[in-house]
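**Student:** Structure file entry-v3.csv, CSV, C-alpha atoms, is pasted below:
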chain,number,residue,atom,x,y,z
A,16,MET,CA,21.0,166.6,-75.3
A,17,SER,CA,23.3,169.2,-73.8
A,18,GLY,CA,25.3,169.8,-77.0
A,19,MET,CA,28.6,169.1,-75.2
A,20,VAL,CA,31.0,166.9,-77.1
A,21,GLN,CA,32.6,164.2,-75.0
A,22,GLN,CA,36.4,164.4,-74.9
A,23,ARG,CA,38.2,161.2,-75.9
A,24,GLN,CA,40.5,159.6,-73.4
A,25,GLN,CA,44.0,158.2,-73.9
A,26,ALA,CA,44.2,154.5,-74.8
A,27,PHE,CA,47.0,152.0,-75.0
A,28,VAL,CA,47.3,149.1,-77.6
A,29,TYR,CA,50.0,146.4,-77.4
A,30,ARG,CA,50.8,143.3,-79.4
A,31,GLY,CA,52.9,140.2,-79.0
A,32,ARG,CA,53.5,136.6,-80.1
A,33,PHE,CA,53.0,134.0,-77.5
A,34,HIS,CA,53.0,130.3,-76.8
A,35,LEU,CA,50.0,128.9,-74.9
A,36,GLU,CA,51.7,129.0,-71.5
A,37,GLN,CA,52.5,132.7,-72.0
A,38,LEU,CA,48.9,133.5,-72.9
A,39,GLN,CA,47.7,131.6,-69.9
A,40,ALA,CA,50.1,133.6,-67.6
A,41,LEU,CA,49.0,136.9,-69.2
A,42,LEU,CA,45.4,136.2,-68.7
A,43,GLU,CA,46.0,135.2,-65.0
A,44,ARG,CA,48.0,138.4,-64.5
A,45,LEU,CA,45.4,140.8,-66.1
A,46,SER,CA,42.3,139.1,-64.5
A,47,PRO,CA,39.6,139.4,-67.2
A,48,HIS,CA,36.0,138.7,-65.9
A,49,VAL,CA,34.5,137.5,-69.2
A,50,TYR,CA,36.0,135.1,-71.8
A,51,LEU,CA,34.5,134.3,-75.2
A,52,THR,CA,36.5,131.6,-77.1
A,53,TRP,CA,35.9,129.9,-80.4
A,54,ASP,CA,37.1,127.4,-82.9
A,55,LEU,CA,35.4,125.6,-85.8
A,56,ALA,CA,33.2,123.5,-83.5
A,57,HIS,CA,32.6,125.7,-80.4
A,58,CYS,CA,31.8,129.3,-79.4
A,59,ASP,CA,31.0,129.9,-75.8
A,60,PHE,CA,31.9,131.8,-72.6
A,61,SER,CA,34.1,129.0,-71.1
A,62,ARG,CA,37.6,129.7,-70.0
A,63,GLU,CA,38.9,127.0,-72.4
A,64,LEU,CA,41.6,128.6,-74.5
A,65,ARG,CA,40.6,127.7,-78.0
A,66,GLU,CA,42.1,128.9,-81.3
A,67,ASN,CA,40.6,132.3,-81.0
A,68,GLY,CA,39.2,134.4,-78.2
A,69,THR,CA,38.7,137.6,-76.3
A,70,ALA,CA,38.7,138.1,-72.6
A,71,PHE,CA,37.8,141.4,-71.0
A,72,ASN,CA,37.1,143.4,-67.8
A,73,ASP,CA,36.0,147.0,-67.4
A,74,GLN,CA,39.5,148.4,-68.2
A,75,LEU,CA,41.0,146.1,-70.9
A,76,GLU,CA,40.5,143.5,-73.5
A,77,ILE,CA,42.9,140.7,-74.6
A,78,ARG,CA,42.4,139.2,-78.0
A,79,TRP,CA,44.2,136.2,-79.4
A,80,CYS,CA,44.4,134.1,-82.6
A,81,HIS,CA,46.5,131.1,-83.4
A,82,THR,CA,48.6,131.8,-86.5
A,83,GLY,CA,50.9,128.9,-87.3
A,84,ASP,CA,53.5,128.3,-84.6
A,85,TYR,CA,52.5,131.1,-82.3
A,86,ILE,CA,49.5,132.9,-80.9
A,87,ALA,CA,49.0,136.6,-82.0
A,88,VAL,CA,47.9,138.6,-79.0
A,89,LEU,CA,46.5,142.1,-78.9
A,90,LEU,CA,45.8,144.1,-75.7
A,91,LEU,CA,43.5,147.1,-75.7
A,92,SER,CA,43.8,148.9,-72.5
A,93,ASP,CA,42.4,152.0,-70.8
A,94,THR,CA,45.6,152.3,-68.8
A,95,GLU,CA,49.3,152.0,-69.6
A,96,GLN,CA,50.7,148.5,-69.1
A,97,SER,CA,54.3,147.5,-68.5
A,98,LEU,CA,54.5,144.0,-69.7
A,99,ALA,CA,57.9,142.9,-71.2
A,100,GLU,CA,56.4,140.4,-73.5
A,101,LEU,CA,54.2,143.0,-75.3
A,102,GLU,CA,55.2,145.9,-77.5
A,103,ARG,CA,53.3,149.1,-77.9
A,104,VAL,CA,51.5,149.6,-81.2
A,105,ASN,CA,52.5,152.9,-82.9
A,106,GLY,CA,50.0,155.7,-83.2
A,107,ASP,CA,48.1,158.2,-81.2
A,108,TRP,CA,45.5,156.0,-79.4
A,109,THR,CA,42.3,157.4,-77.9
A,110,ARG,CA,39.0,155.9,-76.8
A,111,GLU,CA,35.4,156.8,-76.0
A,112,PRO,CA,32.3,154.8,-75.0
A,113,LEU,CA,30.3,153.3,-77.9
A,114,HIS,CA,27.1,154.7,-76.4
A,115,PRO,CA,26.4,158.2,-75.0
A,116,PRO,CA,27.0,158.5,-71.2
A,117,ASN,CA,23.9,158.4,-69.0
A,118,ASP,CA,21.8,156.8,-71.7
A,119,PRO,CA,21.3,153.1,-70.9
A,120,GLN,CA,18.8,152.7,-73.7
A,121,SER,CA,21.5,153.3,-76.2
A,122,ILE,CA,23.9,150.5,-75.0
A,123,PRO,CA,23.9,147.7,-77.6
A,124,THR,CA,21.8,144.7,-76.7
A,125,LEU,CA,23.2,141.2,-77.3
A,126,LEU,CA,21.0,138.7,-79.1
A,127,ASP,CA,18.5,136.7,-77.0
A,128,VAL,CA,20.2,133.2,-76.5
A,129,HIS,CA,16.7,131.6,-76.9
A,130,ASP,CA,16.2,133.1,-80.3
A,131,ARG,CA,15.9,130.0,-82.6
A,132,ARG,CA,17.4,131.8,-85.6
A,133,TYR,CA,20.8,131.9,-83.9
A,134,MET,CA,21.0,128.9,-81.5
A,135,PRO,CA,24.2,129.8,-79.6
A,136,GLN,CA,26.1,127.1,-77.7
A,137,PHE,CA,25.3,128.8,-74.4
A,138,ARG,CA,22.1,129.4,-72.4
A,139,GLU,CA,22.9,132.6,-70.6
A,140,TYR,CA,25.4,135.5,-70.6
A,141,PRO,CA,28.0,135.5,-67.9
A,142,VAL,CA,28.0,138.1,-65.1
A,143,VAL,CA,24.2,138.7,-65.5
A,144,GLN,CA,23.3,135.0,-65.7
A,145,ALA,CA,20.4,135.9,-68.1
A,146,PRO,CA,19.5,135.0,-71.7
A,147,LYS,CA,19.5,138.8,-72.6
A,148,ALA,CA,22.0,141.5,-71.8
A,149,HIS,CA,23.6,144.7,-72.9
A,150,LEU,CA,27.3,145.0,-74.0
A,151,ALA,CA,29.1,148.2,-72.9
A,152,SER,CA,32.1,148.8,-75.2
A,153,GLN,CA,34.8,151.4,-76.0
A,154,VAL,CA,35.7,152.6,-79.5
A,155,PHE,CA,39.5,152.8,-79.9
A,156,TYR,CA,40.8,155.3,-82.4
A,157,ARG,CA,44.3,155.3,-84.0
A,158,ASP,CA,45.3,158.7,-85.2
A,159,GLY,CA,41.7,159.8,-85.1
A,160,ILE,CA,40.4,156.8,-87.1
A,161,ALA,CA,38.0,154.3,-85.4
A,162,THR,CA,40.0,151.0,-85.4
A,163,PHE,CA,38.5,148.7,-82.7
A,164,VAL,CA,35.3,148.2,-80.8
A,165,SER,CA,36.4,146.7,-77.5
A,166,PRO,CA,33.9,145.1,-75.1
A,167,ARG,CA,34.1,146.1,-71.4
A,168,LYS,CA,31.1,144.9,-69.5
A,169,ILE,CA,28.0,142.7,-69.8
A,170,LEU,CA,25.1,144.5,-68.2
A,171,PRO,CA,21.6,143.5,-67.3
A,172,LEU,CA,18.8,144.7,-69.5
A,173,GLU,CA,17.0,146.6,-66.7
A,174,GLY,CA,13.4,146.5,-67.8
A,175,LYS,CA,13.8,145.7,-71.4
A,176,SER,CA,12.1,142.6,-72.7
Go through the file and emit its structure as C-alpha cells.
**Tutor:**
Amino acid sequence: MSGMVQQRQQAFVYRGRFHLEQLQALLERLSPHVYLTWDLAHCDFSRELRENGTAFNDQLEIRWCHTGDYIAVLLLSDTEQSLAELERVNGDWTREPLHPPNDPQSIPTLLDVHDRRYMPQFREYPVVQAPKAHLASQVFYRDGIATFVSPRKILPLEGKS
C-alpha cells in the first residue's frame, strides 16, 4: 500500500415524489443498465416496476419506494443533474469507491445464486450472465458521514470460484 489517501469526489443527491408514468420517463431518460425490483412476492432483475426498486449504471443510481399515493424517488449521481421534477438534497455530498482502487480482490462478491441457503428468484446476474459476480459500489457521504452505499457495476469474478 502506498500510504496515499484517496480524495473523495463531489456527489449529487436528489429526491422527488412521482407517479408511475413519471418514474418510467425518468428511467428512460437516465438509462440505467441494471434493475433490481421487489415486492412481497418477487425480487429479481426484471425491468418490471414493482413497489420498490433500484436501477443503476456506472454513474448513477435511482431508488424508488411506493409510499401511499406516490412513489418516493432518490437519485444518487456522480454528476450534476438538471431535472425539474427532482430537488437537490441539502448537504455537502462526496463519494468514494467502496473498495480500494486497483484491488479487484477487495470488490464485494455477490452471493452465489445456486447456494441453496438463499434460493433467489433468478438464475444469473445481469451483465455478466453468470451465477457469481462482484458488485462495484460508491459510498456517498453527507457532511462527512457515510449515508448510502450505491451500486454502480456488476463485474465478473475473474478467476474466483
**Student:** Which residues of range 47-106 of chain A sit at most 12 Å from range 148-151 of chain A, using all atoms listed in the file? Give each one's shortest atom pair and distance in Å (one decimal place), in chain and ascending residue order, as JSON lines.
**Tutor:**
{"residue": "A:Val49", "atom": "CA", "partner": "A:Leu150", "partner_atom": "CA", "distance": 11.5}
{"residue": "A:Phe71", "atom": "CA", "partner": "A:Ala151", "partner_atom": "CA", "distance": 11.2}
{"residue": "A:Asn72", "atom": "CA", "partner": "A:Ala151", "partner_atom": "CA", "distance": 10.6}
{"residue": "A:Asp73", "atom": "CA", "partner": "A:Ala151", "partner_atom": "CA", "distance": 8.9}
{"residue": "A:Gln74", "atom": "CA", "partner": "A:Ala151", "partner_atom": "CA", "distance": 11.4}
**Student:** My list of candidates is A:Ala70, A:Leu101, A:Leu35, A:Ile169. Which is closest to Asp84 in chain A when distances are computed with all atoms listed in the file?
**Tutor:**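 Ranked by minimum distance to Asp84 in chain A, first place goes to A:Leu35.
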**Student:** To one decimal place, how far is CA of Glu76 in chain A from CA of Cys58 in chain A in Å?
**Tutor:** 17.7 Å
**Student:** Quick one: residues within 12 Å of Glu111 in chain A, all atoms listed in the file, excluding same-chain residues fewer than 6 positions away - as a short mmCIF file (atom, residue, chain, number, x, y, z; two decimals) with C-alpha atoms, keeping the file's coordinate frame?
**Tutor:**
data_model
loop_
_atom_site.label_atom_id
_atom_site.label_comp_id
_atom_site.auth_asym_id
_atom_site.auth_seq_id
_atom_site.Cartn_x
_atom_site.Cartn_y
_atom_site.Cartn_z
CA VAL A 20 31.00 166.90 -77.10
CA GLN A 21 32.60 164.20 -75.00
CA GLN A 22 36.40 164.40 -74.90
CA ARG A 23 38.20 161.20 -75.90
CA GLN A 24 40.50 159.60 -73.40
CA GLN A 25 44.00 158.20 -73.90
CA ALA A 26 44.20 154.50 -74.80
CA ASP A 93 42.40 152.00 -70.80
CA ALA A 151 29.10 148.20 -72.90
CA SER A 152 32.10 148.80 -75.20
CA GLN A 153 34.80 151.40 -76.00
CA VAL A 154 35.70 152.60 -79.50
CA PHE A 155 39.50 152.80 -79.90
CA TYR A 156 40.80 155.30 -82.40
CA GLY A 159 41.70 159.80 -85.10
CA ALA A 161 38.00 154.30 -85.40
CA THR A 162 40.00 151.00 -85.40
CA PHE A 163 38.50 148.70 -82.70
CA VAL A 164 35.30 148.20 -80.80
CA SER A 165 36.40 146.70 -77.50
CA PRO A 166 33.90 145.10 -75.10
CA ARG A 167 34.10 146.10 -71.40
#
**Student:** Taking 2 positions as the minimum chain separation for residues in the same chain, which residues sit within 10 Å of Phe27 in chain A when counting all atoms listed in the file? Answer as a PyMOL selection string.
**Tutor:** chain A and resi 25+29+75+90-96+103-110+155+157
**Student:** What's the separation between CA of Arg138 in chain A and CA of Val88 in chain A, in Å to one decimal place?
**Tutor:**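 About the pair CA of Arg138 in chain A and CA of Val88 in chain A: they are 28.2 Å apart.
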**Student:** To one decimal place in Å, what is the distance between CA of His81 in chain A and CA of Asn67 in chain A?
**Tutor:**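 These two atoms are separated by 6.5 Å.
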**Student:** I want to know what sits within 12 Å of Ala99 in chain A, based on all atoms listed in the file, with residues of the same chain fewer than 6 positions away left out; could you give that as an MDAnalysis selection string?
**Tutor:** chainID A and resid 29:33 37 41
**Student:** Of the candidates A:Glu173, A:His48, A:Tyr85, A:Glu43, which one gets nearest to Ser61 in chain A if we count all atoms listed in the file?
**Tutor:**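 Closest to Ser61 in chain A, using all atoms listed in the file: A:His48.
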**Student:** Select all residues near (23.4, 136.2, -69.6) (cut-off 10 Å, inclusive, file coordinates), counting all atoms listed in the file, and output them as a list of chain:residue names.
**Tutor:**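 Nearby residues: A:Leu125, A:Asp127, A:Val128, A:Phe137, A:Arg138, A:Glu139, A:Tyr140, A:Pro141, A:Val142, A:Val143, A:Gln144, A:Ala145, A:Pro146, A:Lys147, A:Ala148, A:His149, A:Ile169, A:Leu170, A:Pro171, A:Leu172.
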